[in-house]
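Chemist: The following block contains the structure, expressed as structure tokens.
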Amino acid sequence: MIKIALDAMGGDFGPEVTIKGAMEAIKAYDDLELYVYGDEKKIKPYLTSTERITIIQTDKVIDMGETDPIRVIRNQRDSSMVMALQSVKDGVTDGVVSAGPTQALIVGAHLVIRRMKGMHRVALAPIIPSFDRKGKILLDVGANVELRAEHILELATFASVVAKSYLQRENPTVGLINIGVEKGKGRQLDNESYELLEKSPHFTFVGNVEANDILTNDADVLINDGFTGNIVLKTMEGSMKTIGKILKQEISSSLGGKIGYLFMKKNLNRFKKRFDPNEVGGAMIFGINHPVIKAHGASNSKAIFSAIGQARTFIKNDVVGEAAKLLKEIKIESEENN
């Protein structure tokens, strides 16, 4: 059985959505067992089955507005998030899903489960939509404001394993987010990263990718530091929301628009679905010894279901183990070059 720890209290809506998503996951995957951490009294009203569900009572919840993640992880060991992480550390479960505060989960994963050998940084890596409908991995989107070129190479290697096992890319491609497509563009970090990525035998490097080509380029993995990645992600999210509001505004502004909407309703719903983050589920924290999935704070039950499915796939395909093998090869290659 694949055993996943679920932080039932995390997110803006707590058990109401996490448990509903968990129930759907139990129905969908007969090889899944969930360990649910949270307030049992608040969890039970949403349970439709107790099959392959174990509830572990926790009295504390890490607040979504927490500003000191290191302090809260160290001082609230009996919170739902930390206890879920500890269950992986203790070998009770194989991975974690939480919609709790992002920085607290990143710090908690780092302090409790620990960073895997061969990784000098961790990164937050969501799967973003793409024009070809296949999806792409974007990282880092906020775990590290600054990275070194060797860190980017390690994270790109990890991401290539995820692209292969989760996105089903036989020969993963990696692009470096930059201010121009030509070699030599950007900061010193970008140029040093370009050189390392170009030489890697573990994936195909497609060169620099500009922000205006994020959704349409051919790369399976798009990478740079967390400052750059976060701006790209937030710009995408904001643009999609604004486009949706403009469409709604224009449709409702005239009778012709309202009539046209009736004919275009299915198309517009499909358009919305292609950019719906709830379809993806969450972002994996790359570089940790076991899969940890961060679902967004405003997740609905579909997003939690998708995040659990993500964690299940990562565990089943031993993504961390496969990445560890490639990271060893990077270290050997580095030693040989020196």
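Residue numbering restarts at 1 for every chain of the structure tokens, chains are lettered A, B, ... in their displayed order, and ligands are numbered from 1 as they appear.
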Name all residues at most 6 Å from range 144-151 of chain A (count only C-alpha atoms; drop same-chain ones fewer than 6 positions away) and give them as an NGL selection string.
Modeler: :A and (189 or 192-193 or 225-227)
Chemist: Please identify which residues in range 86-159 of chain A DSSP calls strand (DSSP E) from the backbone, and express them as a PyMOL selection string.
Modeler: chain A and resi 95-98+123-128+136-139
Chemist: Go through A:Phe286, A:Phe305, A:Phe314, A:Phe205 and flag the residue nearest Ala143 in chain A, using only C-alpha atoms for the distances.
Modeler: A:Phe286
Chemist: Which residues, written as a PDB file with C-alpha atoms, in the first residue's frame, have at least one atom at most 8 Å from range 92-102 of chain A, with only C-alpha atoms counted and residues fewer than 6 positions away on the same chain left out?
Modeler:
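part15.pdb was written with the following content:
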```pdb
ATOM      1  CA  ILE A   2       1.056   3.591  -0.656  1.00  0.00           C
ATOM      2  CA  LYS A   3       0.751   5.536   2.583  1.00  0.00           C
ATOM      3  CA  ILE A   4       0.284   9.305   2.444  1.00  0.00           C
ATOM      4  CA  ALA A   5       0.045  11.766   5.340  1.00  0.00           C
ATOM      5  CA  LEU A   6      -2.601  14.461   4.865  1.00  0.00           C
ATOM      6  CA  ASP A   7      -2.550  17.710   6.827  1.00  0.00           C
ATOM      7  CA  ALA A   8      -6.314  17.985   7.202  1.00  0.00           C
ATOM      8  CA  MET A   9      -6.222  21.392   8.875  1.00  0.00           C
ATOM      9  CA  GLY A  10      -4.054  23.203   6.319  1.00  0.00           C
ATOM     10  CA  GLY A  11      -5.383  25.751   3.832  1.00  0.00           C
ATOM     11  CA  TYR A  35      -3.089   9.028   7.553  1.00  0.00           C
ATOM     12  CA  ILE A  62      -0.054  26.422  11.896  1.00  0.00           C
ATOM     13  CA  ASP A  63      -1.712  29.693  10.948  1.00  0.00           C
ATOM     14  CA  MET A  64      -1.830  30.677   7.264  1.00  0.00           C
ATOM     15  CA  GLY A  65      -0.432  34.104   8.149  1.00  0.00           C
ATOM     16  CA  GLU A  66       2.604  32.734  10.004  1.00  0.00           C
ATOM     17  CA  MET A  81       1.570  19.884   9.568  1.00  0.00           C
ATOM     18  CA  ALA A  84       2.329  14.755   9.186  1.00  0.00           C
ATOM     19  CA  LEU A  85       5.951  15.517   8.234  1.00  0.00           C
ATOM     20  CA  HIS A 290      10.427  11.973   0.392  1.00  0.00           C
ATOM     21  CA  PRO A 291       7.648  13.552  -1.713  1.00  0.00           C
ATOM     22  CA  VAL A 292       6.058  16.614  -0.112  1.00  0.00           C
ATOM     23  CA  ILE A 293       3.237  18.270  -2.064  1.00  0.00           C
ATOM     24  CA  LYS A 294       2.160  21.844  -1.348  1.00  0.00           C
ATOM     25  CA  ALA A 295      -1.449  22.386  -2.406  1.00  0.00           C
ATOM     26  CA  HIS A 296      -2.390  26.052  -2.740  1.00  0.00           C
ATOM     27  CA  GLY A 297      -4.102  27.664   0.245  1.00  0.00           C
ATOM     28  CA  ALA A 298      -7.393  28.218  -1.551  1.00  0.00           C
ATOM     29  CA  SER A 299      -7.581  24.601  -2.768  1.00  0.00           C
ATOM     30  CA  ALA A 307      -2.439  16.676  -4.952  1.00  0.00           C
ATOM     31  CA  ILE A 308      -2.916  13.272  -3.332  1.00  0.00           C
ATOM     32  CA  ALA A 311       2.025  12.305  -4.257  1.00  0.00           C
ATOM     33  CA  ILE A 315       5.962   7.575  -4.515  1.00  0.00           C
TER      34      ILE A 315
END
```
Chemist: Which one is closest to Glu329 in chain A: A:Asp12, A:Leu215, A:Arg77, A:His202? Count only C-alpha atoms.
Modeler: A:His202
Chemist: How many Å lie between CA of Lys44 in chain A and CA of Met23 in chain A, rounded to one decimal?
Modeler: 11.7 Å
Chemist: What residues in range 99-187 of chain A get the DSSP label helix (DSSP H, G or I)? Please answer as a ChimeraX atom specification.
Modeler: /A:102-113,149-165
Chemist: Quick one: residues within 8 Å of Val112 in chain A, only C-alpha atoms counted, chain neighbours fewer than 5 positions away excluded, as a list in words?
Modeler: Val82, Leu85, Gln86 and Lys89 of chain A
Chemist: Those residues with C-alpha atoms, as a JSON list (two decimals), in the first residue's frame please?
Modeler:
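Contents of the output file again_13.json:
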```
[["chain", "number", "residue", "atom", "x", "y", "z"],
["A", 82, "VAL", "CA", 4.62, 18.96, 11.65],
["A", 85, "LEU", "CA", 5.95, 15.52, 8.23],
["A", 86, "GLN", "CA", 7.24, 13.57, 11.24],
["A", 89, "LYS", "CA", 10.56, 10.85, 8.94]]
```
Chemist: In Å, how far is it from CA of Lys134 in chain A to CA of Ile251 in chain A?
Modeler: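 Here the two named atoms are 29.4 Å from each other.
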Chemist: Please provide the set of residues having any atom within 10 Å of Glu24 in chain A, restricted to only C-alpha atoms, with same-chain residues fewer than 4 positions apart removed, written as a list in words.
Modeler: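 Close residues of Glu24 in chain A: Ile19, Lys20, Ala28, Tyr29, Thr48, Ser301, Lys302, Ile304, Phe305, Ser306 and Ile308 of chain A.
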Chemist: Identify which of the residues A:Ser253, A:Ile106, A:Met240, A:Asn289 lies closest to Lys272 in chain A, counting only C-alpha atoms when measuring atom-to-atom distances.
Modeler: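 Residue with the minimum atom-to-atom distance to Lys272 in chain A: A:Met240.
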Chemist: Between A:Asp318, A:Leu327, A:Glu250, A:Gly309, which is the closest to Lys117 in chain A once you count only C-alpha atoms?
Modeler: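 Of all the options, A:Leu327 lies closest to Lys117 in chain A.
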Chemist: Rank A:Asn75, A:Gln168, A:Gln57, A:Thr157 by their smallest atom-to-atom distance to Leu139 in chain A, using only C-alpha atoms, and report the top residue only.
Modeler: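 The closest residue to Leu139 in chain A is A:Thr157.
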Chemist: Excluding Ser80 in chain A and residues on its chain fewer than 3 positions from it, collect all residues at most 6 Å away from it, counting only C-alpha atoms, and give them as a VMD selection string.
Modeler: chain A and resid 7 37 to 38 58 61 83
Chemist: Go through A:Phe203, A:Leu138, A:Arg52, A:Leu247 and flag the residue nearest Gly282 in chain A, using only C-alpha atoms for the distances.
Modeler: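 The shortest atom-to-atom distance to Gly282 in chain A comes from A:Leu138.
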Chemist: Any idea what's packed within 9 Å of Leu233 in chain A, counting only C-alpha atoms, ignoring anything in its chain fewer than 4 positions away? Could you give it as a ChimeraX atom specification?
Modeler: /A:128,138,141,228-229,237-238
Chemist: Could those residues be written to a file, using N, CA and C atoms, as a PDB file, in the first residue's frame?
Modeler:
```pdb
ATOM      1  N   ILE A 128       2.768  23.887 -14.500  1.00  0.00           N
ATOM      2  CA  ILE A 128       1.965  24.965 -15.065  1.00  0.00           C
ATOM      3  C   ILE A 128       1.357  24.519 -16.394  1.00  0.00           C
ATOM      4  N   LEU A 138       7.759  24.341 -13.526  1.00  0.00           N
ATOM      5  CA  LEU A 138       8.366  25.656 -13.321  1.00  0.00           C
ATOM      6  C   LEU A 138       9.027  25.686 -11.948  1.00  0.00           C
ATOM      7  N   VAL A 141       9.897  28.657  -7.575  1.00  0.00           N
ATOM      8  CA  VAL A 141       8.903  29.728  -7.526  1.00  0.00           C
ATOM      9  C   VAL A 141       8.849  30.403  -6.156  1.00  0.00           C
ATOM     10  N   THR A 228      13.022  35.059  -9.758  1.00  0.00           N
ATOM     11  CA  THR A 228      12.549  35.074 -11.147  1.00  0.00           C
ATOM     12  C   THR A 228      11.309  34.208 -11.318  1.00  0.00           C
ATOM     13  N   GLY A 229      11.369  32.980 -10.793  1.00  0.00           N
ATOM     14  CA  GLY A 229      10.265  32.039 -10.953  1.00  0.00           C
ATOM     15  C   GLY A 229       8.982  32.510 -10.317  1.00  0.00           C
ATOM     16  N   GLU A 237      -0.581  33.940 -13.211  1.00  0.00           N
ATOM     17  CA  GLU A 237      -1.833  33.817 -12.462  1.00  0.00           C
ATOM     18  C   GLU A 237      -2.654  35.096 -12.563  1.00  0.00           C
ATOM     19  N   GLY A 238      -1.981  36.240 -12.409  1.00  0.00           N
ATOM     20  CA  GLY A 238      -2.685  37.519 -12.486  1.00  0.00           C
ATOM     21  C   GLY A 238      -3.249  37.787 -13.870  1.00  0.00           C
TER      22      GLY A 238
END
```
